[in-house]
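A.B. asks: Hey, dropping run-v9.pdb in here, PDB, C-alpha atoms:
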```
ATOM      1  CA  MET A   1     -17.536  -3.259  16.598
ATOM      2  CA  PHE A   2     -13.830  -4.016  17.073
ATOM      3  CA  TYR A   3     -13.879  -6.758  14.413
ATOM      4  CA  PHE A   4     -15.316  -4.510  11.703
ATOM      5  CA  GLY A   5     -13.131  -1.566  12.726
ATOM      6  CA  GLU A   6     -10.008  -3.661  12.310
ATOM      7  CA  ILE A   7     -11.220  -4.975   8.951
ATOM      8  CA  ALA A   8     -11.648  -1.353   7.843
ATOM      9  CA  ALA A   9      -8.121  -0.610   9.101
ATOM     10  CA  LEU A  10      -6.757  -3.535   7.109
ATOM     11  CA  ALA A  11      -8.577  -2.232   4.031
ATOM     12  CA  ILE A  12      -6.825   1.109   4.566
ATOM     13  CA  CYS A  13      -3.516  -0.767   4.889
ATOM     14  CA  TRP A  14      -4.199  -2.405   1.524
ATOM     15  CA  LEU A  15      -4.848   1.047   0.031
ATOM     16  CA  PHE A  16      -1.552   2.304   1.427
ATOM     17  CA  TYR A  17       0.179  -0.795   0.031
ATOM     18  CA  SER A  18      -1.394  -0.227  -3.380
ATOM     19  CA  GLU A  19       0.137   3.251  -3.456
ATOM     20  CA  PHE A  20       3.558   1.738  -2.694
ATOM     21  CA  HIS A  21       2.971  -0.909  -5.382
ATOM     22  CA  TRP A  22       1.939   1.769  -7.848
ATOM     23  CA  MET A  23       5.194   3.630  -7.160
ATOM     24  CA  LEU A  24       7.141   0.453  -7.997
ATOM     25  CA  GLN A  25       5.034  -0.051 -11.109
ATOM     26  CA  ARG A  26       5.830   3.468 -12.330
ATOM     27  CA  ARG A  27       9.530   2.851 -11.721
ATOM     28  CA  VAL A  28       9.377  -0.365 -13.779
ATOM     29  CA  ARG A  29       7.491   1.356 -16.600
ATOM     30  CA  LYS A  30      10.100   4.117 -16.806
ATOM     31  CA  VAL A  31      12.846   1.572 -17.437
ATOM     32  CA  CYS A  32      11.097  -1.247 -19.317
ATOM     33  CA  SER A  33       9.007  -1.060 -22.469
ATOM     34  CA  ARG A  34       5.417  -2.305 -22.548
ATOM     35  CA  GLU A  35       6.379  -5.181 -24.827
ATOM     36  CA  PHE A  36       9.147  -6.257 -22.451
ATOM     37  CA  ILE A  37       6.737  -6.134 -19.507
ATOM     38  CA  LYS A  38       4.029  -8.097 -21.359
ATOM     39  CA  ARG A  39       6.543 -10.700 -22.496
ATOM     40  CA  ASN A  40       8.034 -11.246 -19.013
ATOM     41  CA  PHE A  41       4.988 -10.939 -16.729
ATOM     42  CA  LYS A  42       3.400 -14.360 -17.104
ATOM     43  CA  THR A  43       1.870 -15.006 -13.675
ATOM     44  CA  ILE A  44      -0.008 -12.924 -11.131
ATOM     45  CA  PHE A  45       3.039 -13.083  -8.832
ATOM     46  CA  ASP A  46       5.176 -11.517 -11.560
ATOM     47  CA  LYS A  47       2.723  -8.622 -11.708
ATOM     48  CA  ILE A  48       2.666  -8.207  -7.918
ATOM     49  CA  PHE A  49       6.367  -8.683  -7.147
ATOM     50  CA  PHE A  50       8.044  -7.578 -10.437
ATOM     51  CA  THR A  51      10.452 -10.537 -10.226
ATOM     52  CA  PRO A  52      11.406 -10.777 -13.931
ATOM     53  CA  VAL A  53      12.246  -7.063 -14.212
ATOM     54  CA  SER A  54      13.496  -6.225 -10.712
ATOM     55  CA  GLY A  55      17.132  -6.308 -11.792
ATOM     56  CA  LYS A  56      16.609  -4.261 -14.936
ATOM     57  CA  ALA A  57      14.452  -1.691 -13.102
ATOM     58  CA  LYS A  58      17.007  -1.540 -10.254
ATOM     59  CA  LEU A  59      14.395  -2.012  -7.533
ATOM     60  CA  GLY A  60      16.974  -3.334  -5.064
ATOM     61  CA  THR A  61      15.693  -3.294  -1.503
ATOM     62  CA  LEU A  62      12.256  -2.079  -2.613
ATOM     63  CA  TYR A  63      11.748  -5.474  -4.275
ATOM     64  CA  TYR A  64      12.172  -7.271  -0.941
ATOM     65  CA  ILE A  65      10.135  -4.690   0.952
ATOM     66  CA  ASN A  66       7.303  -5.209  -1.535
ATOM     67  CA  ILE A  67       7.371  -8.976  -0.989
ATOM     68  CA  LEU A  68       7.514  -8.590   2.790
ATOM     69  CA  LEU A  69       4.665  -6.068   2.960
ATOM     70  CA  PHE A  70       2.415  -8.084   0.659
ATOM     71  CA  TRP A  71       2.802 -11.357   2.554
ATOM     72  CA  LEU A  72       2.579  -9.636   5.939
ATOM     73  CA  LEU A  73      -0.659  -7.927   4.946
ATOM     74  CA  LEU A  74      -2.077 -11.109   3.452
ATOM     75  CA  VAL A  75      -1.274 -13.211   6.541
ATOM     76  CA  MET A  76      -2.611 -10.526   8.881
ATOM     77  CA  THR A  77      -5.817 -10.198   6.871
ATOM     78  CA  LEU A  78      -6.399 -13.952   6.828
ATOM     79  CA  PHE A  79      -5.539 -14.224  10.527
ATOM     80  CA  HIS A  80      -7.968 -11.456  11.381
ATOM     81  CA  LEU A  81     -10.756 -12.901   9.268
ATOM     82  CA  ALA A  82     -10.276 -16.315  10.884
ATOM     83  CA  PHE A  83      -9.606 -15.363  14.507
ATOM     84  CA  GLY A  84     -10.490 -11.679  14.873
ATOM     85  CA  TRP A  85     -13.736 -12.407  16.653
ATOM     86  CA  ILE A  86     -11.893 -13.983  19.629
ATOM     87  CA  SER A  87     -11.760 -11.272  22.277
ATOM     88  CA  SER A  88      -8.505 -12.469  23.844
ATOM     89  CA  LEU A  89      -6.676 -11.785  20.561
ATOM     90  CA  SER A  90      -7.982  -8.246  20.198
ATOM     91  CA  GLY A  91      -4.902  -6.678  21.829
ATOM     92  CA  PHE A  92      -2.509  -8.562  19.562
ATOM     93  CA  ILE A  93      -4.550  -7.708  16.467
ATOM     94  CA  ARG A  94      -4.750  -4.059  17.497
ATOM     95  CA  VAL A  95      -0.974  -3.773  18.025
ATOM     96  CA  ILE A  96      -0.071  -5.522  14.749
ATOM     97  CA  THR A  97      -2.634  -3.516  12.779
ATOM     98  CA  THR A  98      -1.348  -0.288  14.333
ATOM     99  CA  ILE A  99       2.192  -1.148  13.279
ATOM    100  CA  LEU A 100       0.971  -1.946   9.764
ATOM    101  CA  VAL A 101      -1.029   1.287   9.542
ATOM    102  CA  LEU A 102       1.944   3.363  10.670
ATOM    103  CA  VAL A 103       4.530   1.672   8.437
ATOM    104  CA  LEU A 104       2.311   1.523   5.358
ATOM    105  CA  GLY A 105       0.803   4.950   6.029
ATOM    106  CA  LEU A 106       4.192   6.611   6.226
ATOM    107  CA  THR A 107       5.314   4.730   3.121
ATOM    108  CA  GLY A 108       2.130   5.699   1.282
ATOM    109  CA  ALA A 109       2.432   9.317   2.404
ATOM    110  CA  SER A 110       6.000   9.468   1.134
ATOM    111  CA  CYS A 111       4.880   8.036  -2.234
ATOM    112  CA  SER A 112       1.823  10.298  -2.496
ATOM    113  CA  ALA A 113       3.612  13.277  -4.040
ATOM    114  CA  GLY A 114       4.940  11.253  -6.965
ATOM    115  CA  SER A 115       1.628   9.488  -7.439
ATOM    116  CA  THR A 116      -0.306  12.739  -7.500
ATOM    117  CA  GLU A 117       2.126  14.291  -9.965
ATOM    118  CA  TYR A 118       1.835  11.231 -12.222
ATOM    119  CA  VAL A 119      -1.982  11.413 -12.158
ATOM    120  CA  CYS A 120      -1.935  15.157 -12.838
ATOM    121  CA  ILE A 121       0.333  14.739 -15.847
ATOM    122  CA  ASN A 122      -1.896  12.006 -17.258
ATOM    123  CA  ARG A 123      -4.958  14.237 -16.794
ATOM    124  CA  ASN A 124      -3.252  17.218 -18.451
ATOM    125  CA  ILE A 125      -3.120  19.241 -15.242
ATOM    126  CA  THR A 126       0.028  21.293 -15.764
ATOM    127  CA  SER A 127      -0.345  24.204 -13.360
ATOM    128  CA  PRO A 128       2.405  23.860 -10.711
ATOM    129  CA  LYS A 129       0.192  25.493  -8.077
ATOM    130  CA  ARG A 130      -2.643  23.066  -8.720
ATOM    131  CA  ILE A 131      -0.308  20.060  -8.705
ATOM    132  CA  LEU A 132       1.213  21.222  -5.420
ATOM    133  CA  ALA A 133      -2.237  21.743  -3.905
ATOM    134  CA  LEU A 134      -3.309  18.231  -4.935
ATOM    135  CA  GLN A 135      -0.078  16.783  -3.542
ATOM    136  CA  VAL A 136      -0.686  18.498  -0.203
ATOM    137  CA  VAL A 137      -4.295  17.256  -0.112
ATOM    138  CA  SER A 138      -3.167  13.707  -0.899
ATOM    139  CA  PHE A 139      -0.489  13.792   1.796
ATOM    140  CA  LEU A 140      -2.826  15.251   4.406
ATOM    141  CA  SER A 141      -5.571  12.742   3.608
ATOM    142  CA  GLU A 142      -3.187   9.859   4.221
ATOM    143  CA  LEU A 143      -2.027  11.366   7.492
ATOM    144  CA  THR A 144      -5.658  11.939   8.501
ATOM    145  CA  LEU A 145      -6.486   8.278   7.821
ATOM    146  CA  MET A 146      -3.582   7.201  10.029
ATOM    147  CA  LEU A 147      -4.534   9.522  12.858
ATOM    148  CA  ALA A 148      -8.209   8.553  12.636
ATOM    149  CA  TYR A 149      -7.276   4.895  12.971
ATOM    150  CA  LEU A 150      -5.035   5.613  15.959
ATOM    151  CA  TYR A 151      -7.798   7.578  17.662
ATOM    152  CA  PHE A 152     -10.574   5.090  17.073
ATOM    153  CA  ALA A 153      -8.512   1.980  17.791
ATOM    154  CA  TRP A 154      -6.842   3.202  20.956
ATOM    155  CA  ALA A 155      -9.170   5.840  22.466
ATOM    156  CA  PHE A 156     -12.670   5.014  21.297
ATOM    157  CA  ILE A 157     -12.682   1.210  21.174
ATOM    158  CA  GLY A 158      -9.981   0.701  23.858
TER     159      GLY A 158
END
```
Rewrite the structure of this file - the entire thing - as structure tokens.

C.D. replies:
Amino acid sequence: MFYFGEIAALAICWLFYSEFHWMLQRRVRKVCSREFIKRNFKTIFDKIFFTPVSGKAKLGTLYYINILLFWLLLVMTLFHLAFGWISSLSGFIRVITTILVLVLGLTGASCSAGSTEYVCINRNITSPKRILALQVVSFLSELTLMLAYLYFAWAFIG
């Protein structure tokens, strides 16, 4: 039960990371044209880390945070898939996953308002009340995911 619960938590961490990545992607698209992006993004790592355009898009510290979060999540996911079934490592995995859920969840929750507004504009939802309501729902859903993980990982499975 613990093994699959932690895999689900890591999947949620990847969702939170994707929201952070999407925020960076929107920032790059505001500054750089599509042709410039297509011309400079040659590898998958360019698309994940935005290396060729990080200076032009003025990502600054967010560039390094993106790299750190991606590799940390990847290593933790691989570590859990390889050694998560060993019961003596369950405490370590639980603590590291909790830290990841909190850091990425708070980052994702802070990015959720901009993401929701971007989606609403692309879907021609222009009512400020409706956009605000969707932003609140998005924010609360991310907080609920974090709290649900904390409850199940520390109270139920503990």

A.B. asks: For CA of Leu68 (chain A) and CA of Lys42 (chain A), quote the distance in Å rounded to one decimal.

C.D. replies: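 If I compute the distance from CA of Leu68 (chain A) to CA of Lys42 (chain A), I get 21.1 Å.
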
A.B. asks: Which residue out of A:Asp46, A:Leu106, A:Phe36, A:Phe79 has the minimum interatomic distance to Cys13 (chain A) when only C-alpha atoms are used?

C.D. replies: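 Closest candidate: A:Leu106.
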
A.B. asks: Evaluate the PyMOL selection byres ((chain A and resi 53) around 8) and record the selected residues as a PDB file with C-alpha atoms, in the coordinates of the input, following the chain and residue labels used in the document.

C.D. replies:
```pdb
ATOM      1  CA  VAL A  28       9.377  -0.365 -13.779  1.00  0.00           C
ATOM      2  CA  CYS A  32      11.097  -1.247 -19.317  1.00  0.00           C
ATOM      3  CA  ILE A  37       6.737  -6.134 -19.507  1.00  0.00           C
ATOM      4  CA  ASN A  40       8.034 -11.246 -19.013  1.00  0.00           C
ATOM      5  CA  PHE A  50       8.044  -7.578 -10.437  1.00  0.00           C
ATOM      6  CA  THR A  51      10.452 -10.537 -10.226  1.00  0.00           C
ATOM      7  CA  PRO A  52      11.406 -10.777 -13.931  1.00  0.00           C
ATOM      8  CA  SER A  54      13.496  -6.225 -10.712  1.00  0.00           C
ATOM      9  CA  GLY A  55      17.132  -6.308 -11.792  1.00  0.00           C
ATOM     10  CA  LYS A  56      16.609  -4.261 -14.936  1.00  0.00           C
ATOM     11  CA  ALA A  57      14.452  -1.691 -13.102  1.00  0.00           C
TER      12      ALA A  57
END
```

A.B. asks: Please provide as a PyMOL selection string all residues within 7 Å of region 131-147 of chain A, with the sequence filter that same-chain residues fewer than 2 positions apart are discarded (counting only C-alpha atoms).

C.D. replies: chain A and resi 101-102+105+109+112-113+116-117+120+127-129+149-151

A.B. asks: Ile48 (chain A): which residues within 9 Å, counting only C-alpha atoms, same-chain residues fewer than 4 positions away excluded, as a list in words?

C.D. replies: His21, Thr43, Ile44, Asn66, Ile67 and Phe70 of chain A

A.B. asks: What do you get, as a PDB file with C-alpha atoms, keeping the file's coordinate frame, if you spell out every residue that the PyMOL selection byres ((chain A and resi 19) around 10) selects here?

C.D. replies:
```pdb
ATOM      1  CA  CYS A  13      -3.516  -0.767   4.889  1.00  0.00           C
ATOM      2  CA  TRP A  14      -4.199  -2.405   1.524  1.00  0.00           C
ATOM      3  CA  LEU A  15      -4.848   1.047   0.031  1.00  0.00           C
ATOM      4  CA  PHE A  16      -1.552   2.304   1.427  1.00  0.00           C
ATOM      5  CA  TYR A  17       0.179  -0.795   0.031  1.00  0.00           C
ATOM      6  CA  SER A  18      -1.394  -0.227  -3.380  1.00  0.00           C
ATOM      7  CA  PHE A  20       3.558   1.738  -2.694  1.00  0.00           C
ATOM      8  CA  HIS A  21       2.971  -0.909  -5.382  1.00  0.00           C
ATOM      9  CA  TRP A  22       1.939   1.769  -7.848  1.00  0.00           C
ATOM     10  CA  MET A  23       5.194   3.630  -7.160  1.00  0.00           C
ATOM     11  CA  LEU A  24       7.141   0.453  -7.997  1.00  0.00           C
ATOM     12  CA  GLN A  25       5.034  -0.051 -11.109  1.00  0.00           C
ATOM     13  CA  LEU A 104       2.311   1.523   5.358  1.00  0.00           C
ATOM     14  CA  GLY A 105       0.803   4.950   6.029  1.00  0.00           C
ATOM     15  CA  THR A 107       5.314   4.730   3.121  1.00  0.00           C
ATOM     16  CA  GLY A 108       2.130   5.699   1.282  1.00  0.00           C
ATOM     17  CA  ALA A 109       2.432   9.317   2.404  1.00  0.00           C
ATOM     18  CA  SER A 110       6.000   9.468   1.134  1.00  0.00           C
ATOM     19  CA  CYS A 111       4.880   8.036  -2.234  1.00  0.00           C
ATOM     20  CA  SER A 112       1.823  10.298  -2.496  1.00  0.00           C
ATOM     21  CA  GLY A 114       4.940  11.253  -6.965  1.00  0.00           C
ATOM     22  CA  SER A 115       1.628   9.488  -7.439  1.00  0.00           C
TER      23      SER A 115
END
```

A.B. asks: Take the point (-6.0, -9.0, 3.7) as written in the file and pick out every residue within 8 Å of it, counting all atoms listed in the file; give the list as a list in words.

C.D. replies: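 With a cut-off of 8 Å, the residues come to Leu10, Ala11, Trp14, Leu73, Leu74, Val75, Met76, Thr77 and Leu78 of chain A.
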
A.B. asks: Any chance you could work out the axis-aligned box around region 119-138 of chain A, listed atoms only, 4 Å on each side, giving centre and edge lengths in Å to one decimal, as AutoDock Vina command-line options?

C.D. replies:
```
--center_x -1.3 --center_y 18.5 --center_z -9.3 --size_x 15.4 --size_y 22.1 --size_z 26.3
```

A.B. asks: Counting only C-alpha atoms, figure out which residue out of A:Leu72, A:Leu62, A:Ile99, A:Ile93 gets nearest to Gly5 (chain A).

C.D. replies: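 Using only C-alpha atoms, Gly5 (chain A) sits closest to A:Ile93.
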